[in-house]
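S.K.: Before I ask anything, let me first share the structure, which is written out below as structure tokens.
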There are 2 protein chains.
Amino acid sequence: MNTNTAHTATLRVDADRLWNSLSELGEVGAFEDADTGLRGVRRLALTDDDVAGRQLVVGWMHEAGLAVRLDEAGNVYARRAGADDSLAPVMVGSHIDSVATAGRFDGCLGVLGGLEIVRTLNDHGITTQRPIEVAIFSEEEGARFGTDMLGSATAAGRIELADARARTDRDGVTFGAELDRYDLVGTQRVPMPVAPYAYLECHIEQGPILEANQSEIGVVQGVQAITWLELEIVGRAAHAGATPNALRHDAELAAALVRVRLDEMVTSGDYGAMLATVGRHETHPNLINIVPSHVLLTVDLRNHDDSEMTRAETDLTNFFHEVEQQVGVTITHRTTAKTPPVRFPDSMQDLVAKCAANLGFRHEVITSGAGHDAGEIAALCPAGMVFVPGLYDGISHNPREYSTPEACANGINVLLSAVIELAGE
Amino acid sequence: MNTNTAHTATLRVDADRLWNSLSELGEVGAFEDADTGLRGVRRLALTDDDVAGRQLVVGWMHEAGLAVRLDEAGNVYARRAGADDSLAPVMVGSHIDSVATAGRFDGCLGVLGGLEIVRTLNDHGITTQRPIEVAIFSEEEGARFGTDMLGSATAAGRIELADARARTDRDGVTFGAELDRYDLVGTQRVPMPVAPYAYLECHIEQGPILEANQSEIGVVQGVQAITWLELEIVGRAAHAGATPNALRHDAELAAALVRVRLDEMVTSGDYGAMLATVGRHETHPNLINIVPSHVLLTVDLRNHDDSEMTRAETDLTNFFHEVEQQVGVTITHRTTAKTPPVRFPDSMQDLVAKCAANLGFRHEVITSGAGHDAGEIAALCPAGMVFVPGLYDGISHNPREYSTPEACANGINVLLSAVIELAGE
């Protein structure tokens, strides 16, 4: 460890080291994207690739002198001792699992940024008053087990461990079985036995706003409410040529009516800043000349306002009944995820804004369109987030996802300042 | 051969013998259907099971004293000599190949019904003036080589032999290679060197109309035009929470707009008796929280009227351009099948109706929603069809496909009367 200490106001992370770590982790589960020719990332939670990514990062954590432990939900906590190690830690974290067609930044910037903060403090021989913990939360994306923020929600106590372990992927494999198989069940209990003193997370924006406004830093005021629905639409298979229209029970038509109604709800403006996505659609028997008997459809709803969200859900459920009558199908739906909107404390927003201003960055207050682990840990302690802009309208969940090395380092420098202020020199 | 002749007006086929033949053939390629517990049939064209089915039926044809020959496309013709054997034959036929999840009736009723007519004439020592031929056409379903009515279309000259032989299955195996491998290339040239005097085919309706109207016999006036389109809709993947609606290029929304428009076109009545089905729908990347980048969609259009079909295709193509503008996607489409409507001659419809009336059957005029070999052979000679009702809304291409022994015998008795009238006593 370097024994020269620097004045923390001039302390900066090593932008190249941060970038190299992002690049190296980005090769774990990498694939060549046929559409773009770019390298994408596929590290679905609790797969061989995700576990290989964990091993790489945990190896770096050990090299940085951190004490690494797991909790019962496979969440990783890497601890740097404080001068008074009995104090609650300042936690920095995010996730490294990904969707099937991801880039290199989503989540990874928050985890590797936390690691880079530790490396920077190590380089300069700085010991903080409070311990610092870098967290990797399990299955943030929900892309495999159907519930996003599954790890952090379990760590924060919103989801019970038994419930989390019972969540299944498409093949019926449970989250719990995969935790067991990969030996990722730690001894630390969930929910967290000791709440952090504060929690901070740096993340790419995943949207176009910062880039459009030429802002270098987003001071995140909160996270939108999210509701996920899974619909099973059941009609009746029939011959495409021999079945009169009036005698059909066409599950595919019912699915289309739902999708178009969602678009009407969004564009009407009647539900505030509502967003709606139908991301999964599976048609059976999926043959050109058979009227479909079954469609599985997912609906992703977002809203800044919880009462608008509730109204949209109610109106949508009523519309399902209309479609059942009109098309002669049955529509059953279940809510696979539901998180309320989160507003981060003003104190945490003010801290992020002050650190950004001190570093001379153009910054603005922004609401997160995506869910984040910070939204869960906010139930345990004051939480805050730092956003950095991405190129190409902030495209994410796509191999084109890209933030510049400078943008990444800017975000982590803001995070470094805020961590030092919270943890105390 | 029984030498007692009966007056043909009171002649009836042996319903039990017909049923037993259907049941025995239904055991060739049979499988246990996991969903229903029923026995289904899988005799994809030019597989071991299809060839075993051919051998069983050709054996019965030999036992019935028929002279069996093959043509270059593997179509089977089994001839019963006429009193004047120089006259063109009356042909009765259909197919015994099946889709992957079939019942016992589709096609087989027409072939085994033709055999039962011969057996009945034999029993009663009746010689017709004209020869009678029972035909088995190759690959009617198109379920293996991608083109339905492949054998009869080749026999009728719509598809060239070399073209037919070059059609491939999913593994790249050609129709021609399989004909060679199973020694099914006969010496009779295609198209047929001598056109039949007339062609008749009895088939299950594969729809709900006869059962709903309590009709025992359908007098088929023709076969609908069929157009198959395959659409590829390309948008852009994006984060479901962080991408403002105005910046989305949602392939799933575009697909839904196309599906709903098709429904509007059908229910408007503006395109005659149009039917539209979207049977296949594949969404990519198919994840709950990603705006879909690609959708593959198939469209199956049917119409009695060719000009209405053309107008529907044109208007649909124009609508694709509207959706491209509105949603910000590209839609490319290709036509994967296109057959014109067929109208059977009034003389043949009248004959079928008269025979049904003479036998005291409730009958109605009906248009076939499905394609049939009769629609191809209609290019060579006057053709006609007899439909019999199926249970369960006429479900077909499914192990639940079922027509009663009585319904089957009714159809073949109508066919017998019509054949005798055409072939002359």
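Letters for chains follow the order of the structure tokens (A, B, ...), residue numbers begin at 1 for each chain, and ligand numbers begin at 1 in the order shown.
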Tell me, how big is the Cα RMSD between chain A and chain B, fit done by least squares on all Cα paired in order?

M.R.: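 It comes to 2.0 Å after superposition.
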
S.K.: Using only C-alpha atoms, determine which residues lie at most 9 Å from Pro292 of chain A, disregarding the query and same-chain residues fewer than 6 positions distant; provide the list as a list in words.

M.R.: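 So the residues in contact are Val234, Gly235, Arg236, Ala237, Ala238, His249, Asp250, Ala251, Glu252, Leu253, Thr283, His284, Pro285 and Asn286 of chain A; Thr277, Val278, Gly279 and Arg280 of chain B.
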
S.K.: Could you tell me, as number ranges by chain, which residues of segment 210-310 of chain B DSSP assigns to alpha helix (DSSP H) when given the backbone?

M.R.: B: 210-212, 251-268, 306-310

S.K.: Using C-alpha atoms, can you write the selected residues to a file as a PDB file, in the first residue's frame?

M.R.:
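Final file, part_13.pdb:
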```
ATOM      1  CA  LEU B 210     -71.889 -28.796 -41.256  1.00  0.00           C
ATOM      2  CA  GLU B 211     -72.047 -29.851 -37.611  1.00  0.00           C
ATOM      3  CA  ALA B 212     -73.505 -26.465 -36.581  1.00  0.00           C
ATOM      4  CA  ALA B 251     -41.454  -4.140 -33.414  1.00  0.00           C
ATOM      5  CA  GLU B 252     -44.045  -5.755 -31.116  1.00  0.00           C
ATOM      6  CA  LEU B 253     -46.342  -2.734 -31.327  1.00  0.00           C
ATOM      7  CA  ALA B 254     -46.028  -2.763 -35.118  1.00  0.00           C
ATOM      8  CA  ALA B 255     -46.982  -6.452 -35.188  1.00  0.00           C
ATOM      9  CA  ALA B 256     -50.031  -5.775 -33.014  1.00  0.00           C
ATOM     10  CA  LEU B 257     -51.182  -2.943 -35.284  1.00  0.00           C
ATOM     11  CA  VAL B 258     -50.964  -5.318 -38.280  1.00  0.00           C
ATOM     12  CA  ARG B 259     -52.957  -8.007 -36.448  1.00  0.00           C
ATOM     13  CA  VAL B 260     -55.676  -5.583 -35.381  1.00  0.00           C
ATOM     14  CA  ARG B 261     -55.912  -4.113 -38.883  1.00  0.00           C
ATOM     15  CA  LEU B 262     -56.402  -7.608 -40.332  1.00  0.00           C
ATOM     16  CA  ASP B 263     -59.280  -8.099 -37.922  1.00  0.00           C
ATOM     17  CA  GLU B 264     -60.796  -4.774 -38.982  1.00  0.00           C
ATOM     18  CA  MET B 265     -60.495  -5.803 -42.638  1.00  0.00           C
ATOM     19  CA  VAL B 266     -62.253  -9.125 -41.976  1.00  0.00           C
ATOM     20  CA  THR B 267     -65.074  -7.757 -39.822  1.00  0.00           C
ATOM     21  CA  SER B 268     -65.680  -4.731 -42.067  1.00  0.00           C
ATOM     22  CA  ASP B 306     -59.538 -13.544 -56.345  1.00  0.00           C
ATOM     23  CA  SER B 307     -60.055  -9.818 -56.978  1.00  0.00           C
ATOM     24  CA  GLU B 308     -60.986  -9.244 -53.319  1.00  0.00           C
ATOM     25  CA  MET B 309     -57.859 -11.163 -52.338  1.00  0.00           C
ATOM     26  CA  THR B 310     -55.716  -8.949 -54.559  1.00  0.00           C
TER      27      THR B 310
END
```

S.K.: Could you produce a table of the residues of segment 178-260 of chain B lying within 9 Å of segment 389-392 of chain B, with the nearest pair of atoms per residue and their separation in Å rounded to one decimal, using only C-alpha atoms, ordered by chain and increasing residue number, as JSON lines?

M.R.:
```
{"residue": "B:Ile204", "atom": "CA", "partner": "B:Pro389", "partner_atom": "CA", "distance": 6.1}
{"residue": "B:Glu205", "atom": "CA", "partner": "B:Pro389", "partner_atom": "CA", "distance": 5.6}
{"residue": "B:Gln206", "atom": "CA", "partner": "B:Gly390", "partner_atom": "CA", "distance": 6.7}
{"residue": "B:Gly207", "atom": "CA", "partner": "B:Gly390", "partner_atom": "CA", "distance": 7.4}
{"residue": "B:Pro208", "atom": "CA", "partner": "B:Gly390", "partner_atom": "CA", "distance": 7.5}
{"residue": "B:Ile209", "atom": "CA", "partner": "B:Pro389", "partner_atom": "CA", "distance": 8.0}
{"residue": "B:Leu210", "atom": "CA", "partner": "B:Pro389", "partner_atom": "CA", "distance": 5.4}
{"residue": "B:Glu211", "atom": "CA", "partner": "B:Pro389", "partner_atom": "CA", "distance": 5.6}
{"residue": "B:Gln214", "atom": "CA", "partner": "B:Pro389", "partner_atom": "CA", "distance": 8.6}
{"residue": "B:Ser215", "atom": "CA", "partner": "B:Pro389", "partner_atom": "CA", "distance": 7.5}
{"residue": "B:Glu216", "atom": "CA", "partner": "B:Pro389", "partner_atom": "CA", "distance": 6.5}
{"residue": "B:Ile217", "atom": "CA", "partner": "B:Pro389", "partner_atom": "CA", "distance": 7.2}
{"residue": "B:Gly218", "atom": "CA", "partner": "B:Pro389", "partner_atom": "CA", "distance": 7.9}
```

S.K.: Just write the chosen residues, C-alpha atoms, as a PDB file, in the first residue's frame.

M.R.:
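Saved result, again18.pdb, follows:
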```
ATOM      1  CA  ILE B 204     -63.789 -34.339 -43.777  1.00  0.00           C
ATOM      2  CA  GLU B 205     -64.912 -30.702 -43.626  1.00  0.00           C
ATOM      3  CA  GLN B 206     -62.191 -29.603 -41.155  1.00  0.00           C
ATOM      4  CA  GLY B 207     -64.518 -26.836 -40.000  1.00  0.00           C
ATOM      5  CA  PRO B 208     -67.624 -26.354 -37.845  1.00  0.00           C
ATOM      6  CA  ILE B 209     -70.279 -25.435 -40.410  1.00  0.00           C
ATOM      7  CA  LEU B 210     -71.889 -28.796 -41.256  1.00  0.00           C
ATOM      8  CA  GLU B 211     -72.047 -29.851 -37.611  1.00  0.00           C
ATOM      9  CA  GLN B 214     -76.797 -30.412 -38.671  1.00  0.00           C
ATOM     10  CA  SER B 215     -75.996 -31.128 -42.321  1.00  0.00           C
ATOM     11  CA  GLU B 216     -74.891 -34.664 -43.193  1.00  0.00           C
ATOM     12  CA  ILE B 217     -73.271 -33.786 -46.506  1.00  0.00           C
ATOM     13  CA  GLY B 218     -71.462 -30.710 -47.827  1.00  0.00           C
TER      14      GLY B 218
END
```

S.K.: Give me, as an MDAnalysis selection string, all polymer residues having an atom no more than 9 Å from segment 361-373 of chain B, counting only C-alpha atoms and skipping those fewer than 6 positions away in the same chain.

M.R.: (chainID A and resid 239:244) or (chainID B and resid 93:95 107 137 140:141 148:153 201 203 205:207 209:210 213:226 302:304 339 343 349 353 355 387 410)

S.K.: Separation of atom CA of Leu179 of chain A and atom CA of Thr298 of chain A, in Å?

M.R.: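 Result for atom CA of Leu179 of chain A versus atom CA of Thr298 of chain A: 25.8 Å, one decimal.
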
S.K.: Pick from A:Val51, A:Arg248, A:Ile331, A:Thr227: nearest to Leu301 of chain A, with only C-alpha atoms counted?

M.R.: A:Thr227

S.K.: Show which residues sit within 9 Å of Ala155 of chain A, as a list of chain:residue names. Count only C-alpha atoms, and ignore same-chain residues fewer than 3 positions away.

M.R.: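 What passes the distance filter is A:Asp71, A:Glu72, A:Ala73, A:Asn75, A:Phe137, A:Leu150, A:Gly151, A:Ser152, A:Arg158, A:Ile159, A:Glu160, A:Leu161, A:Arg189, A:Val190, A:Pro191, A:Met192, A:Glu376, A:Ile377.
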
S.K.: Skipping near chain neighbours, those fewer than 3 positions away, what residues fall within 9 Å of Arg167 of chain B using only C-alpha atoms, listed as a PDB file with C-alpha atoms, in the first residue's frame?

M.R.:
```
ATOM      1  CA  PHE B 145     -41.500 -30.263 -48.217  1.00  0.00           C
ATOM      2  CA  GLY B 146     -43.229 -26.894 -47.674  1.00  0.00           C
ATOM      3  CA  THR B 147     -45.652 -26.948 -50.614  1.00  0.00           C
ATOM      4  CA  ASP B 163     -39.154 -28.102 -59.550  1.00  0.00           C
ATOM      5  CA  ALA B 164     -41.139 -30.533 -57.384  1.00  0.00           C
ATOM      6  CA  GLY B 172     -32.267 -30.027 -46.918  1.00  0.00           C
ATOM      7  CA  VAL B 173     -33.400 -33.468 -48.166  1.00  0.00           C
ATOM      8  CA  THR B 174     -35.212 -33.172 -51.504  1.00  0.00           C
ATOM      9  CA  PHE B 175     -38.572 -34.625 -52.490  1.00  0.00           C
ATOM     10  CA  GLY B 176     -36.803 -36.213 -55.473  1.00  0.00           C
TER      11      GLY B 176
END
```

S.K.: Out of segment 71-141 of chain B, which residues get strand (DSSP E or B) from DSSP, as a PyMOL selection string?

M.R.: chain B and resi 71+76-80+90-94+102+132-136

S.K.: Quick one, how far is atom CA of Leu316 of chain A from atom CA of Ala337 of chain A?

M.R.: 16.2 Å

S.K.: Taking only C-alpha atoms into account, name the residue in B:Arg12, B:Arg170, B:Arg165, B:Arg43 that is nearest to Val118 of chain B.

M.R.: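 Closest to Val118 of chain B, using only C-alpha atoms: B:Arg12.
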
S.K.: Would you kindly return, as a ChimeraX atom specification, each protein, DNA or RNA residue with an atom no farther than 10 Å from any atom of Lys354 of chain B, considering only C-alpha atoms and excluding same-chain residues fewer than 2 positions away?

M.R.: /B:219,348-352,356-360,363,414,417-418

S.K.: Could you please take those selected residues and save C-alpha atoms as a short mmCIF file (atom, residue, chain, number, x, y, z; two decimals), in the first residue's frame?

M.R.:
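Here's the written file part14.cif:
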```cif
data_model
loop_
_atom_site.label_atom_id
_atom_site.label_comp_id
_atom_site.auth_asym_id
_atom_site.auth_seq_id
_atom_site.Cartn_x
_atom_site.Cartn_y
_atom_site.Cartn_z
CA VAL B 219 -71.70 -30.07 -51.57
CA MET B 348 -70.38 -31.68 -60.58
CA GLN B 349 -71.99 -29.73 -57.72
CA ASP B 350 -75.43 -30.65 -59.07
CA LEU B 351 -74.45 -34.32 -59.32
CA VAL B 352 -73.24 -34.43 -55.69
CA ALA B 356 -77.15 -36.71 -51.51
CA ALA B 357 -80.83 -35.90 -52.01
CA ASN B 358 -81.57 -39.35 -53.47
CA LEU B 359 -80.00 -40.91 -50.38
CA GLY B 360 -82.11 -38.66 -48.14
CA HIS B 363 -76.98 -31.30 -47.42
CA VAL B 414 -72.81 -40.25 -52.00
CA SER B 417 -73.72 -42.98 -56.43
CA ALA B 418 -71.86 -40.19 -58.19
#
```

S.K.: From the list B:Pro382, B:Pro345, B:Pro405, B:Gly269, which residue is nearest chain A when using only C-alpha atoms?

M.R.: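 Comparing B:Pro382, B:Pro345, B:Pro405, B:Gly269 against chain A, the winner is B:Gly269.
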
S.K.: For atom CA of Leu38 of chain A and atom CA of His397 of chain A, quote the distance in Å rounded to one decimal.

M.R.: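 These two atoms are separated by 13.2 Å.
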